[in-house]
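> This is model-v6.txt, which holds compact mmCIF, C-alpha atoms:
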```txt
# COMPACT_ATOMS: atom_id res chain seq x y z
CA MET A 1 -68.03 110.64 -121.00
CA ALA A 2 -70.58 108.29 -122.61
CA SER A 3 -73.31 110.97 -122.49
CA GLU A 4 -70.87 113.53 -123.92
CA PHE A 5 -69.94 111.16 -126.73
CA LYS A 6 -73.62 110.48 -127.37
CA SER A 7 -74.46 114.19 -127.57
CA GLU A 8 -71.52 114.81 -129.89
CA PHE A 9 -72.53 111.81 -131.98
CA GLU A 10 -76.11 113.07 -132.25
CA SER A 11 -74.89 116.54 -133.31
CA LEU A 12 -73.15 115.08 -136.35
CA ASP A 13 -74.83 115.15 -139.70
CA ASP A 14 -76.18 112.01 -141.31
CA GLU A 15 -73.19 111.51 -143.62
CA VAL A 16 -70.72 111.36 -140.72
CA LYS A 17 -73.03 109.11 -138.71
CA GLU A 18 -73.27 106.78 -141.67
CA LEU A 19 -69.47 106.65 -141.99
CA LEU A 20 -69.09 105.87 -138.24
CA LEU A 21 -71.75 103.16 -138.30
CA ASN A 22 -70.19 101.57 -141.36
CA TYR A 23 -66.82 101.58 -139.62
CA LYS A 24 -68.26 99.97 -136.45
CA HIS A 25 -69.78 97.13 -138.43
CA LYS A 26 -66.52 96.22 -140.11
CA LYS A 27 -65.29 92.80 -139.01
CA ALA A 28 -61.61 93.72 -139.11
CA THR A 29 -59.78 96.75 -137.82
CA THR A 30 -56.50 96.04 -139.54
CA TYR A 31 -54.34 98.95 -140.46
CA GLU A 32 -55.08 100.43 -143.89
CA PRO A 33 -52.60 102.90 -145.33
CA CYS A 34 -53.95 106.43 -145.44
CA THR A 35 -54.06 108.12 -148.85
CA LEU A 36 -55.37 111.39 -150.19
CA GLN A 37 -58.43 109.55 -151.39
CA ASN A 38 -59.40 107.78 -148.10
CA PHE A 39 -58.01 110.10 -145.40
CA LYS A 40 -61.55 111.02 -144.27
CA GLU A 41 -62.42 107.38 -143.62
CA CYS A 42 -59.04 106.90 -141.93
CA LEU A 43 -59.65 109.85 -139.58
CA ILE A 44 -63.11 108.49 -138.71
CA GLY A 45 -61.62 105.05 -138.10
CA LEU A 46 -58.86 106.60 -136.01
CA SER A 47 -61.41 108.41 -133.83
CA GLU A 48 -63.23 105.11 -133.31
CA GLU A 49 -60.03 103.28 -132.35
CA LEU A 50 -59.00 106.05 -129.97
CA GLY A 51 -62.39 105.75 -128.32
CA GLN A 52 -61.49 102.16 -127.39
CA TYR A 53 -58.75 103.63 -125.17
CA ASN A 54 -61.08 106.28 -123.65
CA ILE A 55 -59.45 109.00 -125.74
CA ASN A 56 -62.13 111.48 -126.77
CA TYR A 57 -61.54 112.35 -130.42
CA ILE A 58 -64.33 112.74 -133.01
CA PHE A 59 -63.66 113.72 -136.57
CA ASN A 60 -66.34 115.66 -138.44
CA PRO A 61 -65.43 116.12 -142.09
CA HIS A 62 -67.86 119.06 -142.45
CA THR A 63 -66.51 121.11 -139.57
CA ASP A 64 -62.91 119.89 -139.30
CA LEU A 65 -62.00 120.21 -142.95
CA LYS A 66 -61.50 123.22 -145.08
CA GLY A 67 -61.16 121.90 -148.56
CA ASN A 68 -58.75 119.03 -148.19
CA SER A 69 -56.95 120.53 -145.18
CA LEU A 70 -57.64 120.15 -141.45
CA GLU A 71 -58.73 123.15 -139.51
CA LEU A 72 -56.33 124.31 -136.81
CA ASP A 73 -58.70 123.30 -134.00
CA ALA A 74 -59.16 119.85 -135.50
CA LEU A 75 -55.40 119.49 -135.88
CA VAL A 76 -54.87 120.44 -132.22
CA LYS A 77 -57.47 117.88 -131.15
CA LEU A 78 -55.75 115.24 -133.28
CA ILE A 79 -52.30 116.10 -131.91
CA ASN A 80 -53.60 116.00 -128.29
CA SER A 81 -55.26 112.65 -128.97
CA VAL A 82 -52.01 111.29 -130.42
CA TRP A 83 -50.10 112.53 -127.37
CA MET A 84 -52.62 110.88 -125.08
CA LEU A 85 -52.23 107.68 -127.09
CA LEU A 86 -48.44 107.87 -126.79
CA HIS A 87 -48.73 108.53 -123.07
CA TYR A 88 -51.06 105.55 -122.75
CA HIS A 89 -48.65 103.40 -124.76
CA LYS A 90 -45.71 104.58 -122.63
CA ASN A 91 -47.54 103.68 -119.43
CA LEU A 92 -48.44 100.29 -120.84
CA SER A 93 -44.83 99.72 -121.92
CA GLU A 94 -43.56 100.61 -118.45
CA LYS A 95 -46.14 98.37 -116.84
CA SER A 96 -45.27 95.60 -119.27
CA LYS A 97 -41.58 96.03 -118.49
CA GLY A 98 -42.32 95.95 -114.77
CA LEU A 99 -44.43 92.83 -115.20
CA LEU A 100 -41.66 91.19 -117.20
CA GLU A 101 -39.18 91.99 -114.43
CA GLN A 102 -41.60 90.68 -111.81
CA ASN A 103 -42.15 87.58 -113.89
CA HIS A 104 -38.39 87.08 -114.19
CA ALA A 105 -38.00 87.51 -110.41
CA LEU A 106 -40.89 85.12 -109.79
CA GLU A 107 -39.34 82.54 -112.10
CA HIS A 108 -36.05 82.90 -110.23
CA HIS A 109 -37.81 82.53 -106.88
CA ASN A 110 -39.80 79.59 -108.18
CA LYS A 111 -36.60 77.94 -109.34
CA GLN A 112 -35.07 78.46 -105.89
CA LEU A 113 -38.25 77.14 -104.25
CA ARG A 114 -38.23 74.08 -106.50
CA GLY A 115 -34.61 73.46 -105.55
CA LEU A 116 -35.50 73.87 -101.87
CA VAL A 117 -38.47 71.53 -102.23
CA ASP A 118 -36.26 68.93 -103.94
CA ARG A 119 -33.69 69.20 -101.14
CA LEU A 120 -36.44 68.89 -98.54
CA LYS A 121 -37.81 65.82 -100.29
CA GLU A 122 -34.33 64.27 -100.35
CA LYS A 123 -33.89 65.10 -96.66
CA ILE A 124 -37.30 63.62 -95.83
CA ASN A 125 -36.51 60.46 -97.81
CA SER A 126 -33.11 60.23 -96.09
CA GLU A 127 -34.73 60.64 -92.68
CA LYS A 128 -37.32 58.01 -93.59
CA ASN A 129 -34.55 55.60 -94.57
CA GLU A 130 -32.66 56.37 -91.36
CA SER A 131 -35.85 55.85 -89.38
CA LYS A 132 -36.41 52.49 -91.05
CA ALA A 133 -32.79 51.54 -90.35
CA CYS A 134 -33.20 52.56 -86.70
CA VAL A 135 -36.38 50.49 -86.40
CA ALA A 136 -34.66 47.50 -87.97
CA SER A 137 -31.63 47.97 -85.68
CA ALA A 138 -33.90 48.27 -82.64
CA GLN A 139 -35.68 45.08 -83.68
CA ARG A 140 -32.35 43.27 -84.06
CA ILE A 141 -31.24 44.54 -80.65
CA ALA A 142 -34.54 43.40 -79.13
CA ASP A 143 -34.17 39.96 -80.71
CA ARG A 144 -30.54 39.77 -79.55
CA SER A 145 -31.60 40.85 -76.06
CA ASP A 146 -34.19 38.08 -75.99
CA ASP A 147 -31.55 35.55 -77.05
CA MET A 148 -29.12 36.85 -74.46
CA TYR A 149 -31.80 36.76 -71.77
CA GLN A 150 -32.54 33.16 -72.71
CA LYS A 151 -28.84 32.32 -72.50
CA LEU A 152 -28.54 34.04 -69.14
CA THR A 153 -31.56 32.13 -67.83
CA GLU A 154 -30.10 28.84 -69.01
CA SER A 155 -26.67 29.74 -67.59
CA LYS A 156 -28.22 30.64 -64.23
CA GLY A 157 -29.95 27.27 -64.19
CA LYS A 158 -26.68 25.52 -64.94
CA LEU A 159 -24.90 27.53 -62.25
CA VAL A 160 -27.54 26.59 -59.69
CA GLN A 161 -27.24 22.93 -60.71
CA ILE A 162 -23.43 23.01 -60.54
CA LYS A 163 -23.54 24.81 -57.20
CA LYS A 164 -25.81 22.10 -55.83
CA GLN A 165 -23.48 19.42 -57.20
CA LYS A 166 -20.50 21.22 -55.62
CA GLU A 167 -22.25 21.47 -52.27
CA ALA A 168 -23.26 17.81 -52.47
CA SER A 169 -19.69 16.82 -53.37
CA GLU A 170 -18.26 18.87 -50.54
CA LYS A 171 -20.77 17.35 -48.13
CA SER A 172 -19.98 13.85 -49.41
CA LEU A 173 -16.25 14.55 -49.10
CA LYS A 174 -16.63 15.74 -45.52
CA ASN A 175 -18.74 12.73 -44.62
CA GLU A 176 -16.23 10.37 -46.20
CA ILE A 177 -13.32 12.03 -44.40
CA SER A 178 -15.22 11.84 -41.11
CA ARG A 179 -16.02 8.17 -41.70
CA LEU A 180 -12.40 7.35 -42.53
CA LYS A 181 -11.16 9.20 -39.47
CA LEU A 182 -13.64 7.33 -37.33
CA GLN A 183 -12.46 4.00 -38.76
CA ASN A 184 -8.84 4.93 -38.10
CA GLU A 185 -9.63 5.87 -34.53
CA LYS A 186 -11.45 2.58 -33.98
CA LEU A 187 -8.51 0.62 -35.37
CA LEU A 188 -6.06 2.50 -33.17
CA ASP A 189 -8.21 1.82 -30.13
CA ARG A 190 -8.28 -1.89 -30.95
CA LEU A 191 -4.51 -1.93 -31.32
CA ARG A 192 -4.01 -0.22 -27.99
CA ASN A 193 -6.32 -2.69 -26.27
CA LYS A 194 -4.54 -5.78 -27.66
CA GLY A 195 -1.09 -4.67 -26.39
CA ALA A 196 2.44 -5.53 -27.56
CA SER A 197 1.96 -9.38 -27.67
CA CYS A 198 0.21 -9.23 -30.99
CA SER A 199 3.08 -7.93 -33.02
CA GLN A 200 2.29 -10.07 -36.04
CA THR A 201 -1.34 -9.09 -35.89
CA CYS A 202 -0.34 -5.48 -35.34
CA ASP A 203 1.94 -5.56 -38.32
CA LEU A 204 -0.85 -6.94 -40.42
CA THR A 205 -3.24 -4.41 -39.00
CA LEU A 206 -0.79 -1.61 -39.62
CA LEU A 207 -0.41 -2.74 -43.21
CA GLN A 208 -4.18 -2.79 -43.55
CA MET A 209 -4.38 0.67 -41.99
CA LYS A 210 -1.73 1.98 -44.34
CA GLU A 211 -3.56 0.46 -47.27
CA ARG A 212 -6.81 1.97 -46.06
CA GLU A 213 -5.13 5.29 -45.51
CA LYS A 214 -3.73 5.09 -49.02
CA GLN A 215 -7.19 4.32 -50.36
CA GLN A 216 -8.61 7.10 -48.25
CA GLN A 217 -6.06 9.51 -49.65
CA MET A 218 -6.91 8.39 -53.17
CA ILE A 219 -10.61 8.91 -52.48
CA ILE A 220 -9.91 12.32 -50.98
CA SER A 221 -7.72 13.21 -53.96
CA GLN A 222 -10.44 12.07 -56.37
CA LEU A 223 -13.09 14.07 -54.51
CA GLN A 224 -10.85 17.12 -54.50
CA LYS A 225 -10.23 16.62 -58.21
CA ASN A 226 -13.98 16.41 -58.84
CA ASN A 227 -14.45 19.55 -56.79
CA GLN A 228 -11.79 21.37 -58.82
CA GLU A 229 -13.41 20.24 -62.05
CA LEU A 230 -16.72 21.63 -60.85
CA LEU A 231 -15.05 24.91 -59.96
CA HIS A 232 -13.41 25.10 -63.40
CA GLU A 233 -16.78 24.42 -65.04
CA VAL A 234 -18.39 27.21 -63.01
CA ILE A 235 -15.60 29.62 -63.98
CA GLY A 236 -15.93 28.56 -67.61
CA LEU A 237 -19.64 29.22 -67.59
CA LYS A 238 -19.11 32.66 -66.08
CA GLU A 239 -16.48 33.47 -68.72
CA ASP A 240 -18.85 32.29 -71.49
CA ILE A 241 -21.61 34.54 -70.15
CA LEU A 242 -19.30 37.54 -69.91
CA SER A 243 -17.83 36.87 -73.38
CA SER A 244 -21.30 36.53 -74.92
CA GLY A 245 -22.45 39.77 -73.30
CA LEU A 246 -19.34 41.69 -74.37
CA SER A 247 -19.61 40.37 -77.96
CA ASP A 248 -23.23 41.48 -78.25
CA LEU A 249 -22.40 44.84 -76.72
CA GLN A 250 -19.49 45.38 -79.14
CA LEU A 251 -21.63 44.36 -82.12
CA HIS A 252 -24.35 46.80 -81.08
CA THR A 253 -21.79 49.57 -80.58
CA ASN A 254 -20.26 49.05 -84.03
CA LYS A 255 -23.65 49.25 -85.69
```
Output the structure of this file as structure tokens.

Amino acid sequence: MASEFKSEFESLDDEVKELLLNYKHKKATTYEPCTLQNFKECLIGLSEELGQYNINYIFNPHTDLKGNSLELDALVKLINSVWMLLHYHKNLSEKSKGLLEQNHALEHHNKQLRGLVDRLKEKINSEKNESKACVASAQRIADRSDDMYQKLTESKGKLVQIKKQKEASEKSLKNEISRLKLQNEKLLDRLRNKGASCSQTCDLTLLQMKEREKQQQMIISQLQKNNQELLHEVIGLKEDILSSGLSDLQLHTNK
């Protein structure tokens, strides 16, 4: 097409070439109303503008004009060029409309994506906060577990100590009961050996035995009381351990 335009351009006379060159060197291509006085220049300018859209139209005032009227062939070429321009404009309008619709759809999709991104950010932030809360809760549980383990260790030590005290008390109680029984048996043997002649001495001895038996019963009662107190203390410690464990478990469950 460029070689064809060049050959057609070279076939023009000098006057037309001069008009085309003058038109090309104009700085502005603003629309100028066509009049009977400047229609030749307007047709030359129109051919140049159509060439920008690859529409092949060249106006030659010597061959396309007869007087002040266009020849039929020149008119047909002009009409075809105008139709091509309209077709080009129509295609551009349709493409522009399609691009506008695509742009509108893209804006809608972008808006949806921005909303989705915002929701994802909120979800991520929420999950981060939940994760931090879980870490803090796990740390509290670990600290509470350490405290509870320390309490259990101390309670076990106390239980061992109380158990030893209980065993020692029971052993002491058994030894005391055995000793008192042995003393009673010795006294009874002495009474049997002395016979019935020592009634006064026997009465005194019986009184002493009763007093000793009373004292022995008091000692036994005191030892039994001490034993019961130790048992109550053991039970109390067990209840404290169970209560502490249940309280921590309930607190952890509520959180």
> With distances taken over all atoms listed in the file, which of A:Leu113, A:Leu46, A:Leu70, A:Leu182 is nearest to Val82 (chain A)?
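Checking each of A:Leu113, A:Leu46, A:Leu70, A:Leu182 against Val82 (chain A), counting all atoms listed in the file, the winner is A:Leu46.
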> Given the choices A:Asn60, A:Leu106, A:Gln222, A:Glu233, which gets closest to Lys158 (chain A) if the distance is worked out from all atoms listed in the file?
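Residue with the minimum atom-to-atom distance to Lys158 (chain A): A:Glu233.
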> Ranking A:Leu223, A:Tyr57, A:Asp147, A:Leu99 by minimum distance to Asn175 (chain A) and counting only C-alpha atoms, which one comes first?
A:Leu223
> For Glu48 (chain A), list every protein, DNA or RNA residue within 10 Å, evaluated using only C-alpha atoms, and leave out those in the same chain fewer than 3 positions away; present the list as JSON, numbers by chain.
{"A": [20, 23, 24, 42, 43, 44, 45, 51, 52, 53, 54, 55, 56, 57, 58, 59]}
> Write a file of the just-selected residues containing C-alpha atoms, as a JSON list (two decimals), in the coordinates of the input.

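Heads up, here's the output in out_17.json:
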```json
[["chain", "number", "residue", "atom", "x", "y", "z"],
["A", 20, "LEU", "CA", -69.09, 105.87, -138.24],
["A", 23, "TYR", "CA", -66.82, 101.58, -139.62],
["A", 24, "LYS", "CA", -68.26, 99.97, -136.45],
["A", 42, "CYS", "CA", -59.04, 106.90, -141.93],
["A", 43, "LEU", "CA", -59.65, 109.85, -139.58],
["A", 44, "ILE", "CA", -63.11, 108.49, -138.71],
["A", 45, "GLY", "CA", -61.62, 105.05, -138.10],
["A", 51, "GLY", "CA", -62.39, 105.75, -128.32],
["A", 52, "GLN", "CA", -61.49, 102.16, -127.39],
["A", 53, "TYR", "CA", -58.75, 103.63, -125.17],
["A", 54, "ASN", "CA", -61.08, 106.28, -123.65],
["A", 55, "ILE", "CA", -59.45, 109.00, -125.74],
["A", 56, "ASN", "CA", -62.13, 111.48, -126.77],
["A", 57, "TYR", "CA", -61.54, 112.35, -130.42],
["A", 58, "ILE", "CA", -64.33, 112.74, -133.01],
["A", 59, "PHE", "CA", -63.66, 113.72, -136.57]]
```
> Go through A:Ile219, A:Val160, A:Cys34, A:Ile79 one by one, measure the shortest atom-to-atom distance of each to Ile177 (chain A) using all atoms listed in the file, and give the residue with the smallest value.
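Comparing A:Ile219, A:Val160, A:Cys34, A:Ile79 against Ile177 (chain A), the winner is A:Ile219.
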> CA of Glu167 (chain A) to CA of Leu230 (chain A): how many Å, to one decimal?
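A separation of 10.2 Å between them.
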> Tell me, in Å to one decimal, how far CA of Ile162 (chain A) is from CA of Gln150 (chain A).
18.3 Å
> Given the choices A:Lys163, A:Leu231, A:Glu71, A:Glu213, which gets closest to Leu180 (chain A) if the distance is worked out from only C-alpha atoms?
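Closest residue, counting only C-alpha atoms: A:Glu213.
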> Grab the CA of Lys123 (chain A) to CA of Asn110 (chain A) distance for me, in Å with one decimal place.
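Calculated distance between CA of Lys123 (chain A) and CA of Asn110 (chain A) is 19.4 Å.
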> Adding 6 Å on each side of the box along x, y and z that holds all listed atoms of region 117-124 of chain A, could you give its centre and edge lengths in Å to one decimal, as lines of an AutoDock Vina configuration file?

```
center_x = -36.1
center_y = 67.6
center_z = -99.9
size_x = 16.8
size_y = 19.9
size_z = 20.1
```
> Which is closest to Lys225 (chain A) among A:Asp189, A:Lys181, A:Ser169, A:Leu207, if we use all atoms listed in the file?
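Using all atoms listed in the file, Lys225 (chain A) sits closest to A:Ser169.
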